[in-house]
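Structure first, then comments.
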Amino acid sequence: MLVMTAAAVLIVSVGTGPAVAQEQIVPVADLLTAPARYDGAVITIEGELVGDYGYRASGMVWTQLNDDSYARDPLVDGGALTGANAGVGLRIPEVQMAGLSAPGGYRIRGPIVRATGQWRFHDPSRQGETYLDVSSVQVIELGKQLEEGPNGAAAITGVILVLAGGAMMMRRRYLRARA
């Protein structure tokens with residue numbers, strides 16, 4: 001009897017695909033690579049809120065969560081250039097937005113959050129939109145202003161170009177005066 005029960009569980013597990021544990025943090029790259037695998041599952045993702053907070057009359061807010069390397073280690077803070085941004089859309093109840101700092105953008109690192117909700121792949125009620133319908137948001141790290149210091153190489157290059165341009169103008173005037 002125990003063997004038959006174990007076999008039935010195995011068949012059901014194999015037949016429905018791998019289960020997604022709510023506590024397991026799903027990388028955005030996995031959602032982008034195999035979005036249908038998670039359709040309807042309650043999942044948790046983690047990353048930086050970026051772009052804009054799109055408040056709707058329905059009481060919901062749309063935004064994007066990126067979990068690429070730039071979320072935790074921005075370039076201006078010494079992070080490495082590792083490729084494109086990777087993110088997914090979030091639909092969050094407005095009441096859960098209280099206390100969130102501004103989303104990430106130029107010179108702003110948005111809040112790092114852990115968002116849990118139902119993954120909706122090509123949701124027919126939203127004209128085929130794919131997003132995480134968030135049920136809870138936990139702030140891991142508040143957003144912050146990014147300080148970008150002067151770029152020494154660019155400044156030196158600029159000075160050299162200005163001097164070269166000035167020298168070329170002086171030479172042109174000299175040659176015109178001689179003609």
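Letters A, B, ... mark the chains of the structure tokens in the order given; residue numbers begin at 1 per chain; ligand numbers begin at 1, in order shown.
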
Contact residues around Val139 (chain A) with only C-alpha atoms at 9 Å, ignoring same-chain residues under 2 positions, as a PyMOL selection string = chain A and resi 99-100+111-115+137+141-142

So that I have them on file, write out the residues from the current selection with C-alpha atoms, as a short mmCIF file (atom, residue, chain, number, x, y, z; two decimals), in the first residue's frame.
data_model
loop_
_atom_site.label_atom_id
_atom_site.label_comp_id
_atom_site.auth_asym_id
_atom_site.auth_seq_id
_atom_site.Cartn_x
_atom_site.Cartn_y
_atom_site.Cartn_z
CA GLY A 99 6.79 53.58 3.19
CA LEU A 100 8.43 52.67 -0.12
CA PRO A 111 14.12 50.01 -2.75
CA ILE A 112 15.15 46.36 -2.67
CA VAL A 113 12.03 44.32 -1.91
CA ARG A 114 10.83 40.75 -1.57
CA ALA A 115 7.48 40.42 -3.36
CA VAL A 137 5.81 43.24 -0.18
CA GLU A 141 16.68 47.76 1.88
CA LEU A 142 15.48 51.32 1.38
#

Based on DSSP run over this structure's backbone, return all residues of region 110-164 of chain A in strand (DSSP E or B), as a ChimeraX atom specification.
-> /A:112-123,129-141,144-145

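For the pair CA of Arg72 (chain A) and CA of Gly117 (chain A), the interatomic distance is 22.0 Å.
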
Excluding Ala86 (chain A) and any residue of its chain fewer than 5 positions from it, enumerate the residues within 7 Å of it, using only C-alpha atoms, and give them as a list in words.
->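 Using only C-alpha atoms, the neighbours found are Val28, Ala29, Asn66, Asp67 and Asp68 of chain A.
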
Which of these, A:Asp133, A:Asp77, A:Asp123, A:Glu147, has the shortest distance to Thr63 (chain A) once you count only C-alpha atoms?
->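 Closest to Thr63 (chain A) of all the choices is A:Asp133.
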
Of the candidates A:Gly79, A:Gly165, A:Gly47, A:Gly128, which shows the shortest atom-to-atom distance to Ile25 (chain A), using only C-alpha atoms?
->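 Between A:Gly79, A:Gly165, A:Gly47, A:Gly128, the residue approaching Ile25 (chain A) most closely is A:Gly47.
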
Minimum-distance residue to Ile108 (chain A), chosen among A:Pro150, A:Gly51, A:Gly59, A:Pro35 (using only C-alpha atoms) =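 The shortest atom-to-atom distance to Ile108 (chain A) comes from A:Gly51.
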
Exercise: region 92-95 of chain A partners within 8 Å, only C-alpha atoms, chain neighbours under 6 positions left out, as a list in words = Tyr55, Gly59, Met60, Val61, Trp62, Asp133, Val134 and Ser135 of chain A

Export, as an mmCIF file, in the first residue's frame, the selected residues with C-alpha atoms.
data_model
loop_
_atom_site.group_PDB
_atom_site.id
_atom_site.type_symbol
_atom_site.label_atom_id
_atom_site.label_comp_id
_atom_site.auth_asym_id
_atom_site.auth_seq_id
_atom_site.Cartn_x
_atom_site.Cartn_y
_atom_site.Cartn_z
ATOM 1 C CA TYR A 55 -1.036 54.407 -9.609
ATOM 2 C CA GLY A 59 -6.278 51.000 -6.084
ATOM 3 C CA MET A 60 -3.492 49.031 -7.744
ATOM 4 C CA VAL A 61 0.023 50.182 -8.609
ATOM 5 C CA TRP A 62 2.101 48.920 -11.535
ATOM 6 C CA ASP A 133 0.049 39.889 -8.899
ATOM 7 C CA VAL A 134 1.569 40.824 -5.544
ATOM 8 C CA SER A 135 -0.071 39.871 -2.259
#

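If only C-alpha atoms are the atoms counted, then among A:Gly54, A:Gly87, A:Pro74, A:Gly105 the closest residue to Asp30 (chain A) is A:Gly87.
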
Figure out the distance between CA of Asn85 (chain A) and CA of Ser69 (chain A), please, to one decimal in Å.
->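 Separation of CA of Ser69 (chain A) and CA of Asn85 (chain A): 8.2 Å.
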
Going by DSSP on the backbone, which bits of region 45-131 of chain A are helix (DSSP H, G or I)? Write them as number ranges by chain, please.
-> A: 69-72, 75-77, 94-97, 124-126

Neighbour list for Leu75 (chain A) as a PyMOL selection string, cut-off 12 Å, only C-alpha atoms, skip fewer than 5 positions in-chain = chain A and resi 68-70+80-83+106-109+146-149

In Å, rounded to a single decimal, give me how far CA of Asn151 (chain A) is from CA of Ser101 (chain A).
->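 Rounded to one decimal, the two atoms are 28.0 Å apart.
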
Looking at only C-alpha atoms, which of A:Ser58, A:Thr33, A:Met97, A:Gln138 is the one that sits closest to Glu46 (chain A)?
->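 That would be A:Gln138, the residue with the smallest distance to Glu46 (chain A).
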